[in-house]
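Q: run_23.cif (mmCIF, C-alpha atoms) pasted underneath:
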data_input
#
loop_
_atom_site.group_PDB
_atom_site.id
_atom_site.type_symbol
_atom_site.label_atom_id
_atom_site.label_comp_id
_atom_site.auth_asym_id
_atom_site.auth_seq_id
_atom_site.Cartn_x
_atom_site.Cartn_y
_atom_site.Cartn_z
ATOM 1 C CA MET L 1 119.547 87.697 106.513
ATOM 2 C CA ASN L 2 116.495 85.772 107.655
ATOM 3 C CA THR L 3 114.256 84.608 104.775
ATOM 4 C CA PRO L 4 110.922 84.880 106.679
ATOM 5 C CA GLN L 5 111.820 88.423 107.736
ATOM 6 C CA ARG L 6 112.663 89.359 104.161
ATOM 7 C CA LYS L 7 109.375 87.900 102.927
ATOM 8 C CA GLN L 8 107.581 89.991 105.526
ATOM 9 C CA TRP L 9 109.185 93.321 104.601
ATOM 10 C CA MET L 10 108.872 92.652 100.858
ATOM 11 C CA SER L 11 105.173 91.931 101.374
ATOM 12 C CA VAL L 12 104.739 95.166 103.320
ATOM 13 C CA LEU L 13 106.515 97.163 100.599
ATOM 14 C CA ALA L 14 104.487 95.571 97.801
ATOM 15 C CA ARG L 15 101.126 96.049 99.534
ATOM 16 C CA ALA L 16 101.711 99.591 100.801
ATOM 17 C CA SER L 17 100.002 102.440 99.005
ATOM 18 C CA TRP L 18 102.359 104.465 96.839
ATOM 19 C CA GLY L 19 101.482 107.738 98.565
ATOM 20 C CA GLU L 20 102.203 106.464 102.050
ATOM 21 C CA LEU L 21 105.405 104.652 101.030
ATOM 22 C CA ASP L 22 106.757 107.670 99.168
ATOM 23 C CA GLY L 23 105.832 110.042 101.991
ATOM 24 C CA ARG L 24 107.622 107.963 104.617
ATOM 25 C CA TRP L 25 110.630 107.522 102.314
ATOM 26 C CA GLN L 26 110.885 111.288 101.726
ATOM 27 C CA ALA L 27 110.747 111.860 105.499
ATOM 28 C CA LEU L 28 113.814 109.641 105.943
ATOM 29 C CA ALA L 29 115.808 111.859 103.552
ATOM 30 C CA LEU L 30 117.991 108.992 102.328
ATOM 31 C CA THR L 31 119.815 109.104 98.992
ATOM 32 C CA PRO L 32 121.478 105.717 98.459
ATOM 33 C CA ASP L 33 123.735 105.095 95.471
ATOM 34 C CA TYR L 34 122.399 102.306 93.278
ATOM 35 C CA GLU L 35 122.240 101.159 89.701
ATOM 36 C CA LEU L 36 119.322 99.589 87.888
ATOM 37 C CA ILE L 37 119.964 95.965 87.009
ATOM 38 C CA ARG L 38 116.445 95.518 85.663
ATOM 39 C CA ALA L 39 114.614 98.767 85.041
ATOM 40 C CA PRO L 40 110.998 98.710 86.224
ATOM 41 C CA GLU L 41 108.905 96.819 83.700
ATOM 42 C CA VAL L 42 105.214 96.044 83.535
ATOM 43 C CA GLY L 43 103.904 92.556 82.822
ATOM 44 C CA LEU L 44 101.169 90.085 83.636
ATOM 45 C CA ALA L 45 100.940 87.184 86.041
ATOM 46 C CA GLN L 46 98.248 84.530 86.036
ATOM 47 C CA VAL L 47 96.215 84.227 89.227
ATOM 48 C CA ARG L 48 95.040 80.770 90.257
ATOM 49 C CA ALA L 49 92.412 79.989 92.869
ATOM 50 C CA ARG L 50 90.550 77.103 94.498
ATOM 51 C CA MET L 51 86.821 76.854 94.969
ATOM 52 C CA GLY L 52 86.168 77.004 98.698
ATOM 53 C CA ALA L 53 89.953 77.043 99.286
ATOM 54 C CA THR L 54 90.046 73.237 99.048
ATOM 55 C CA GLY L 55 88.772 72.320 95.573
ATOM 56 C CA SER L 56 90.607 71.915 92.301
ATOM 57 C CA GLN L 57 92.654 74.841 91.068
ATOM 58 C CA PHE L 58 91.371 77.001 88.237
ATOM 59 C CA ASN L 59 92.669 80.059 86.377
ATOM 60 C CA LEU L 60 91.007 83.102 87.891
ATOM 61 C CA GLY L 61 92.519 85.666 85.544
ATOM 62 C CA ASP L 62 95.528 87.901 85.005
ATOM 63 C CA ILE L 63 96.941 90.669 87.164
ATOM 64 C CA THR L 64 99.252 93.495 86.120
ATOM 65 C CA ILE L 65 102.548 93.546 88.007
ATOM 66 C CA THR L 66 105.664 95.702 87.860
ATOM 67 C CA ARG L 67 109.080 94.346 88.790
ATOM 68 C CA SER L 68 112.499 95.877 89.298
ATOM 69 C CA VAL L 69 116.010 94.884 90.404
ATOM 70 C CA ILE L 70 118.713 97.252 91.693
ATOM 71 C CA ARG L 71 122.280 96.898 92.978
ATOM 72 C CA LEU L 72 123.457 99.123 95.805
ATOM 73 C CA ALA L 73 126.982 100.539 95.833
ATOM 74 C CA GLY L 74 127.855 97.914 98.475
ATOM 75 C CA GLY L 75 126.813 95.094 96.141
ATOM 76 C CA GLU L 76 123.456 94.152 97.724
ATOM 77 C CA LEU L 77 120.706 93.319 95.246
ATOM 78 C CA GLY L 78 117.198 94.585 95.875
ATOM 79 C CA TYR L 79 114.146 93.032 94.208
ATOM 80 C CA SER L 80 110.512 94.017 94.005
ATOM 81 C CA TYR L 81 107.222 92.904 92.506
ATOM 82 C CA VAL L 82 104.222 95.180 92.995
ATOM 83 C CA CYS L 83 100.661 94.980 91.711
ATOM 84 C CA GLY L 84 99.760 97.565 89.122
ATOM 85 C CA ARG L 85 101.759 99.758 86.766
ATOM 86 C CA ASN L 86 103.570 102.097 89.161
ATOM 87 C CA LYS L 87 107.219 101.927 88.067
ATOM 88 C CA ALA L 88 108.382 104.364 90.756
ATOM 89 C CA HIS L 89 106.816 102.137 93.431
ATOM 90 C CA ALA L 90 108.634 99.068 92.076
ATOM 91 C CA GLU L 91 111.990 100.869 91.936
ATOM 92 C CA LEU L 92 111.661 102.337 95.430
ATOM 93 C CA ALA L 93 110.594 98.976 96.886
ATOM 94 C CA ALA L 94 113.677 97.372 95.316
ATOM 95 C CA VAL L 95 115.930 100.091 96.784
ATOM 96 C CA ILE L 96 114.434 99.591 100.242
ATOM 97 C CA ASP L 97 114.810 95.795 99.917
ATOM 98 C CA GLY L 98 118.499 96.299 99.142
ATOM 99 C CA LEU L 99 118.955 98.696 102.059
ATOM 100 C CA MET L 100 117.183 96.317 104.452
ATOM 101 C CA GLN L 101 119.940 93.798 103.714
ATOM 102 C CA THR L 102 122.623 96.171 105.014
ATOM 103 C CA GLY L 103 123.323 96.025 108.727
ATOM 104 C CA GLU L 104 123.486 99.756 109.365
ATOM 105 C CA MET L 105 120.193 100.693 107.677
ATOM 106 C CA SER L 106 117.927 97.755 108.442
ATOM 107 C CA GLU L 107 117.037 98.711 112.015
ATOM 108 C CA ARG L 108 116.192 102.304 111.148
ATOM 109 C CA LEU L 109 114.179 101.337 108.070
ATOM 110 C CA ASN L 110 112.314 98.670 110.006
ATOM 111 C CA ARG L 111 111.493 101.070 112.840
ATOM 112 C CA GLU L 112 110.584 104.139 110.755
ATOM 113 C CA LEU L 113 109.226 102.636 107.546
ATOM 114 C CA ILE L 114 108.350 98.934 107.563
ATOM 115 C CA ALA L 115 106.708 98.687 111.013
ATOM 116 C CA PRO L 116 104.448 101.758 110.545
ATOM 117 C CA LEU L 117 103.410 100.594 107.062
ATOM 118 C CA ALA L 118 102.617 97.101 108.403
ATOM 119 C CA ALA L 119 100.639 98.556 111.312
ATOM 120 C CA HIS L 120 98.644 100.790 108.979
ATOM 121 C CA LYS L 121 97.863 97.865 106.665
ATOM 122 C CA ALA L 122 96.774 95.686 109.614
ATOM 123 C CA GLU L 123 94.516 98.508 110.810
ATOM 124 C CA GLN L 124 92.926 98.803 107.347
ATOM 125 C CA GLU L 125 92.364 95.038 107.168
ATOM 126 C CA GLU L 126 90.766 94.979 110.629
ATOM 127 C CA LEU L 127 88.445 97.824 109.642
ATOM 128 C CA ARG L 128 87.472 95.923 106.501
ATOM 129 C CA ARG L 129 86.857 92.746 108.539
ATOM 130 C CA ARG L 130 84.544 94.652 110.860
ATOM 131 C CA GLN L 131 82.643 96.159 107.913
ATOM 132 C CA VAL L 132 82.159 92.724 106.364
ATOM 133 C CA ALA L 133 81.131 91.167 109.690
ATOM 134 C CA ALA L 134 78.527 93.897 110.190
ATOM 135 C CA SER L 135 76.875 92.970 106.906
ATOM 136 C CA LYS L 136 76.904 89.212 107.511
ATOM 137 C CA VAL L 137 73.575 87.485 107.150
ATOM 138 C CA ASP L 138 72.914 84.144 108.831
ATOM 139 C CA PHE L 139 70.447 82.030 106.910
ATOM 140 C CA PHE L 140 68.514 79.292 108.597
ATOM 141 C CA THR L 141 65.959 76.748 107.492
ATOM 142 C CA MET L 142 62.816 76.202 109.426
ATOM 143 C CA VAL L 143 61.877 72.567 109.845
ATOM 144 C CA ARG L 144 58.464 71.721 108.600
ATOM 145 C CA GLY L 145 56.360 69.558 110.862
ATOM 146 C CA GLU L 146 55.396 67.050 108.180
ATOM 147 C CA ASP L 147 57.935 64.359 109.104
#
Please render this file's structure as structure tokens.
A:
Amino acid sequence: MNTPQRKQWMSVLARASWGELDGRWQALALTPDYELIRAPEVGLAQVRARMGATGSQFNLGDITITRSVIRLAGGELGYSYVCGRNKAHAELAAVIDGLMQTGEMSERLNRELIAPLAAHKAEQEELRRRQVAASKVDFFTMVRGED
């Protein structure tokens, strides 16, 4: 398993909307055998930021997260951390993470689930970028002739 690839699919699973993730999962009609190692639980994580992305760090606030860990029948462990309180989302993301580690399922899941979710998220982000760019205001200062 390639760590950068795993980071990528875990990010896609965590950032996907629950409705879209569940809909695509139901379309696959998969029923893997797994056990809960850590049932989905809700907690908080502290968010840190930097002023202007280069300044000193400061505590921005807290964010609600839900985490889960499962073990597939084959022994693979699946992990997930998702923003919010959706326990079903955290459990399903952990199941998919576990399945992505198996050789026989990873290609199908990547093709039919991960890639479309990533493409949809990229499309949403591009739309948001265009909306923000359209509202951008350039300020300028006129030089006074008193020098």
Q: Point out the residue among L:Phe58, L:Tyr34, L:Trp25, L:Trp9 with the least atom-to-atom distance to His89 in chain L, counting all atoms listed in the file.
A: L:Trp25
Q: Go through L:Gly78, L:Gly23, L:Gly61, L:Gly52 and flag the residue nearest Ala90 in chain L, using all atoms listed in the file for the distances.
A: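 With all atoms listed in the file as the atom set, the closest residue is L:Gly78.
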Q: Taking a cut-off of 8 Å and counting all atoms listed in the file, can you build a table that, for each residue of range 56-146 of chain L near range 40-46 of chain L, reports the nearest atom pair and how far apart they are in Å (one decimal), sorted by chain then residue number, as a Markdown table?
A:
| residue | atom | partner | partner_atom | distance |
| --- | --- | --- | --- | --- |
| L:Asn59 | CA | L:Gln46 | CA | 7.2 |
| L:Leu60 | CA | L:Gln46 | CA | 7.6 |
| L:Gly61 | CA | L:Gln46 | CA | 5.9 |
| L:Asp62 | CA | L:Gln46 | CA | 4.5 |
| L:Ile63 | CA | L:Ala45 | CA | 5.4 |
| L:Thr64 | CA | L:Leu44 | CA | 4.6 |
| L:Ile65 | CA | L:Gly43 | CA | 5.5 |
| L:Thr66 | CA | L:Val42 | CA | 4.4 |
| L:Arg67 | CA | L:Pro40 | CA | 5.4 |
| L:Ser68 | CA | L:Pro40 | CA | 4.4 |
| L:Val69 | CA | L:Pro40 | CA | 7.6 |
| L:Gly84 | CA | L:Val42 | CA | 8.0 |
| L:Arg85 | CA | L:Val42 | CA | 6.0 |
| L:Lys87 | CA | L:Pro40 | CA | 5.3 |
| L:Ala88 | CA | L:Pro40 | CA | 7.7 |
| L:Ala90 | CA | L:Pro40 | CA | 6.3 |
| L:Glu91 | CA | L:Pro40 | CA | 6.2 |
Q: Which residue gives the smallest distance to Thr102 in chain L among L:Asp138, L:Glu76, L:Glu126, L:Glu20, with all atoms listed in the file counted?
A: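 Residue with the minimum atom-to-atom distance to Thr102 in chain L: L:Glu76.
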Q: Measuring atom to atom with only C-alpha atoms, identify which of L:Asn2, L:Val132, L:Ala14, L:Leu28 is nearest to Met105 in chain L.
A: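 Among L:Asn2, L:Val132, L:Ala14, L:Leu28, it is L:Leu28 that comes nearest to Met105 in chain L.
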Q: Just the number, please: distance in Å from CA of Ala16 in chain L to CA of Leu113 in chain L, one decimal.
A: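 It comes out at 10.5 Å.
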Q: Written as a list in words, what is the full residue list that the PyMOL selection byres ((chain L and resi 114-123) around 9) yields on the file shown?
A: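 Selection result, ordered by chain and number: Trp9, Val12, Leu13, Arg15, Ala16, Ser17, Glu20, Leu21, Arg24, Leu109, Asn110, Arg111, Glu112, Leu113, Gln124, Glu125, Glu126, Leu127 and Arg128 of chain L.
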Q: Show me, as lines of an AutoDock Vina configuration file, the centre and edge lengths in Å to one decimal of the axis-aligned box that covers every listed atom of range 69-84 of chain L with 3 Å on each side.
A:
center_x = 113.8
center_y = 96.7
center_z = 93.8
size_x = 34.1
size_y = 13.6
size_z = 15.4
Q: Could you check the closest approach to Leu30 in chain L for each of L:Thr54, L:Trp18, L:Lys136, L:Leu99 and tell me which residue wins, using all atoms listed in the file?
A: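 Residue with the minimum atom-to-atom distance to Leu30 in chain L: L:Leu99.
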Q: Would you pick out the contacts of Gln101 in chain L at 12 Å or less, using only C-alpha atoms, so that residues sharing its chain but fewer than 5 positions from it are not included, and give the list as a PDB file with C-alpha atoms, in the coordinates of the input?
A:
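Output saved as result.pdb:
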ATOM      1  CA  MET L   1     119.547  87.697 106.513  1.00  0.00           C
ATOM      2  CA  ASN L   2     116.495  85.772 107.655  1.00  0.00           C
ATOM      3  CA  THR L   3     114.256  84.608 104.775  1.00  0.00           C
ATOM      4  CA  GLN L   5     111.820  88.423 107.736  1.00  0.00           C
ATOM      5  CA  ARG L   6     112.663  89.359 104.161  1.00  0.00           C
ATOM      6  CA  TRP L   9     109.185  93.321 104.601  1.00  0.00           C
ATOM      7  CA  MET L  10     108.872  92.652 100.858  1.00  0.00           C
ATOM      8  CA  ARG L  71     122.280  96.898  92.978  1.00  0.00           C
ATOM      9  CA  LEU L  72     123.457  99.123  95.805  1.00  0.00           C
ATOM     10  CA  GLY L  74     127.855  97.914  98.475  1.00  0.00           C
ATOM     11  CA  GLY L  75     126.813  95.094  96.141  1.00  0.00           C
ATOM     12  CA  GLU L  76     123.456  94.152  97.724  1.00  0.00           C
ATOM     13  CA  LEU L  77     120.706  93.319  95.246  1.00  0.00           C
ATOM     14  CA  GLY L  78     117.198  94.585  95.875  1.00  0.00           C
ATOM     15  CA  TYR L  79     114.146  93.032  94.208  1.00  0.00           C
ATOM     16  CA  ALA L  94     113.677  97.372  95.316  1.00  0.00           C
ATOM     17  CA  VAL L  95     115.930 100.091  96.784  1.00  0.00           C
ATOM     18  CA  ILE L  96     114.434  99.591 100.242  1.00  0.00           C
ATOM     19  CA  SER L 106     117.927  97.755 108.442  1.00  0.00           C
ATOM     20  CA  GLU L 107     117.037  98.711 112.015  1.00  0.00           C
ATOM     21  CA  ARG L 108     116.192 102.304 111.148  1.00  0.00           C
ATOM     22  CA  LEU L 109     114.179 101.337 108.070  1.00  0.00           C
ATOM     23  CA  ASN L 110     112.314  98.670 110.006  1.00  0.00           C
TER      24      ASN L 110
END
Q: Between L:Ser135, L:Gln26, L:Ser11, L:Ser80, which has the minimum distance to Ala39 in chain L (counting all atoms listed in the file)?
A: L:Ser80
Q: For the atom pair CA of Arg50 in chain L and CA of Val82 in chain L, what is the interatomic distance in Å to one decimal place?
A: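 Result for CA of Arg50 in chain L versus CA of Val82 in chain L: 22.7 Å, one decimal.
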Q: To one decimal place in Å, what is the distance between CA of Tyr81 in chain L and CA of Asp22 in chain L?
A: 16.2 Å
